[in-house]
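To keep things clear, I will list the structure first and then write my remarks on it.
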Amino acid sequence: MVCFVDYRTTYPEKEKLSSLGLEIIEIPICNDLYESINGHVDIQFNILDKKSKKVIINKNINNNFKNNLKDKGITYIESKNSLKYNYPNDIILNALILEKYFIHNLKFTDENLLNDQKDKILINVKQGYTKCSCLYVSDKALITNDSGIYNSLCKYDFDILLLPPGDIILEGLNYGFIGGTGGLINNNTMAFFGDLNHYKYGNEVISFLSKYNVKPIYLKNSKLTDRGSLFVI
């Protein structure tokens, strides 16, 4: 399996991921974005379909990254629009893509992304940083810091752990989002950039993960860091 990480992911973190049997592809810097998110996975990239290994990428991402995808047998489409510094032009790919649902601020979703997902149930939310704000546990179970997302998805019978914002490191900003702190490696294992034992609401997260038989793995012994999600395909 291949995992996608921010180019600023540390060597010990990458070493731990490699020890879990994952090949690592770094998301390169995008100079069109502000520094805090210019390498975030879920800003420049999204998985359209895991089974067929199909993804969408920032149209201006470098050719080395595109060639890396081809070498790994991963097919891709490119965004129609370019990422830009200011909101909402930085969130065009930052949707939460589930098996049956596509969740985003649909007003700002990139056209190529929306066209690919149009046959799913489309759920519009106000939060444009939708994937950043949601940690996927299963197709009907999520963890989020965003009350608007929580209220919207409860109408669709999702099981959601709503946590207060804060206590997550994101360099250059006051705090990051829970969705950017990690991701599932497989159905029963979730890797975190940091340790839930150093997170104010870590016990709540651990309990919720246990409910779905998901074990947390910590890539570093520190507070949680928002690196823009960990995607595995």
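Chain lettering (A, B, ...) mirrors the order of the structure tokens, residue numbering begins at 1 for each chain separately, and ligand numbering begins at 1 in order of display.
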
(message) Using only C-alpha atoms, which protein or nucleic acid residues come within 10 Å of stretch 60-67 of chain A? Drop anything in the same chain fewer than 5 positions from it, and give the result as a list in words.
(response) Ile25, Glu26, Ile27, Pro28, Ile29, Cys30, Asp32, Gln44, Phe45, Lys72, Gly73, Ile74, Thr75, Tyr76, Glu78, Ser79, Asn81, Ser82 and Leu83 of chain A

(request) Skip A:Gly172 itself and residues of its chain fewer than 2 positions away, then list as number ranges by chain all residues within 12 Å of it, counting only C-alpha atoms. (result) A: 34-38, 169-170, 174-176, 226

I need the residues from that last selection saved to file as a tab-separated table (two decimals), in the first residue's frame (with C-alpha atoms), if you can.
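Now in part38.tsv:
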```tsv
chain	number	residue	atom	x	y	z
A	34	TYR	CA	0.03	29.87	2.42
A	35	GLU	CA	2.78	28.16	4.36
A	36	SER	CA	0.67	26.41	6.99
A	37	ILE	CA	-1.07	24.24	4.36
A	38	ASN	CA	1.27	24.36	1.34
A	169	ILE	CA	-0.67	21.98	16.37
A	170	LEU	CA	-0.74	23.71	12.98
A	174	ASN	CA	-3.79	29.07	16.35
A	175	TYR	CA	-4.70	25.40	15.99
A	176	GLY	CA	-5.37	22.67	13.46
A	226	ASP	CA	-2.39	18.69	11.63
```

(request) Show which residues sit within 6 Å of stretch 112-120 of chain A, as JSON, numbers by chain. Count only C-alpha atoms, and ignore same-chain residues fewer than 6 positions away. (result) {"A": [79, 80, 100, 101]}

(message) With distances taken over only C-alpha atoms, which residue among A:Leu142, A:Ile178, A:Ile97, A:Ile91 lies nearest A:Lys126?
(response)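 Among A:Leu142, A:Ile178, A:Ile97, A:Ile91, it is A:Ile91 that comes nearest to A:Lys126.
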
(message) Using only C-alpha atoms for the distances, tell me which of A:Tyr201, A:Phe158, A:Phe231, A:Tyr7 is nearest to A:Asp42.
(response) A:Phe231

(request) Please give the complete set of residues from stretch 130-209 of chain A that DSSP, run on the backbone, assigns to alpha helix (DSSP H), formatted as a PyMOL selection string. (result) chain A and resi 147-154+202-209

Give me a file of those residues, with N, CA and C atoms, as a compact mmCIF listing (two decimals), in the first residue's frame.
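Okay, this is what ended up in again_4.txt:
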```
# COMPACT_ATOMS: atom_id res chain seq x y z
N SER A 147 -19.25 21.97 14.37
CA SER A 147 -20.63 21.73 14.76
C SER A 147 -21.58 21.78 13.57
N GLY A 148 -21.24 22.58 12.55
CA GLY A 148 -22.08 22.64 11.35
C GLY A 148 -22.08 21.32 10.61
N ILE A 149 -20.91 20.72 10.45
CA ILE A 149 -20.83 19.39 9.83
C ILE A 149 -21.59 18.37 10.67
N TYR A 150 -21.40 18.44 11.99
CA TYR A 150 -22.10 17.52 12.89
C TYR A 150 -23.62 17.61 12.69
N ASN A 151 -24.14 18.81 12.69
CA ASN A 151 -25.60 18.99 12.56
C ASN A 151 -26.11 18.52 11.21
N SER A 152 -25.34 18.76 10.15
CA SER A 152 -25.76 18.33 8.81
C SER A 152 -25.77 16.82 8.67
N LEU A 153 -24.73 16.16 9.19
CA LEU A 153 -24.61 14.72 8.97
C LEU A 153 -25.46 13.89 9.91
N CYS A 154 -25.82 14.44 11.05
CA CYS A 154 -26.71 13.70 11.95
C CYS A 154 -28.06 13.43 11.29
N GLY A 202 -8.24 13.19 24.10
CA GLY A 202 -7.73 11.90 23.64
C GLY A 202 -8.54 10.70 24.13
N ASN A 203 -8.99 10.73 25.38
CA ASN A 203 -9.76 9.61 25.92
C ASN A 203 -11.05 9.41 25.16
N GLU A 204 -11.69 10.53 24.79
CA GLU A 204 -12.93 10.45 24.02
C GLU A 204 -12.69 9.83 22.64
N VAL A 205 -11.57 10.20 22.02
CA VAL A 205 -11.24 9.64 20.71
C VAL A 205 -10.94 8.15 20.82
N ILE A 206 -10.14 7.79 21.80
CA ILE A 206 -9.78 6.38 22.00
C ILE A 206 -11.04 5.53 22.22
N SER A 207 -11.96 6.05 23.02
CA SER A 207 -13.20 5.32 23.29
C SER A 207 -14.05 5.17 22.03
N PHE A 208 -14.12 6.22 21.23
CA PHE A 208 -14.91 6.17 20.00
C PHE A 208 -14.28 5.19 19.01
N LEU A 209 -12.97 5.22 18.88
CA LEU A 209 -12.29 4.29 17.97
C LEU A 209 -12.51 2.85 18.41
```

(request) Have a look at atom CA of A:Leu98 and atom CA of A:Leu135 and let me know their distance in Å, one decimal. (result)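 Separation between atom CA of A:Leu98 and atom CA of A:Leu135: 11.8 Å.
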
(request) Write out as a VMD selection string which residues come within 9 Å of A:Ile47 when counting only C-alpha atoms, dropping same-chain ones fewer than 6 positions away. (result) chain A and resid 53 to 57 97 231 to 233

(request) Name the closest residue to A:Phe102 among the candidates A:Asn46, A:Asn68, A:Asn221, A:Ser229; distances are taken between atoms, counting only C-alpha atoms. (result) A:Asn46

(message) My list of candidates is A:Gln127, A:Asp6, A:Asp139, A:Lys107. Which is closest to A:Thr225 when distances are computed with only C-alpha atoms?
(response)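 Ranking A:Gln127, A:Asp6, A:Asp139, A:Lys107 by distance to A:Thr225, first place goes to A:Asp6.
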
(request) Would you list the contacts of A:Gly194 as a PyMOL selection string, taking every protein, DNA or RNA residue within 9 Å and counting only C-alpha atoms, but skipping same-chain residues closer than 5 positions in sequence? (result) chain A and resi 181-182+199+217-225

(message) When you look at A:Asn89 with a cut-off of 10 Å (counting only C-alpha atoms), what residues show up, excluding the ones that are within fewer than 4 positions of it in the same chain? I need them as a PyMOL selection string.
(response) chain A and resi 33+81-85+93+108-110+128

(request) Kindly indicate which residue among A:His104, A:Leu69, A:Arg8, A:Asn86 lies nearest to A:Glu171, using only C-alpha atoms for the distances. (result) A:Arg8

(message) Taking only C-alpha atoms into account, name the residue in A:Gly21, A:Pro12, A:Pro88, A:Gly166 that is nearest to A:Phe193.
(response) A:Pro12

(request) State, in Å with one decimal place, the distance from atom CA of A:Glu99 to atom CA of A:Lys131. (result)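 So the two atoms, atom CA of A:Glu99 and atom CA of A:Lys131, lie 14.5 Å apart.
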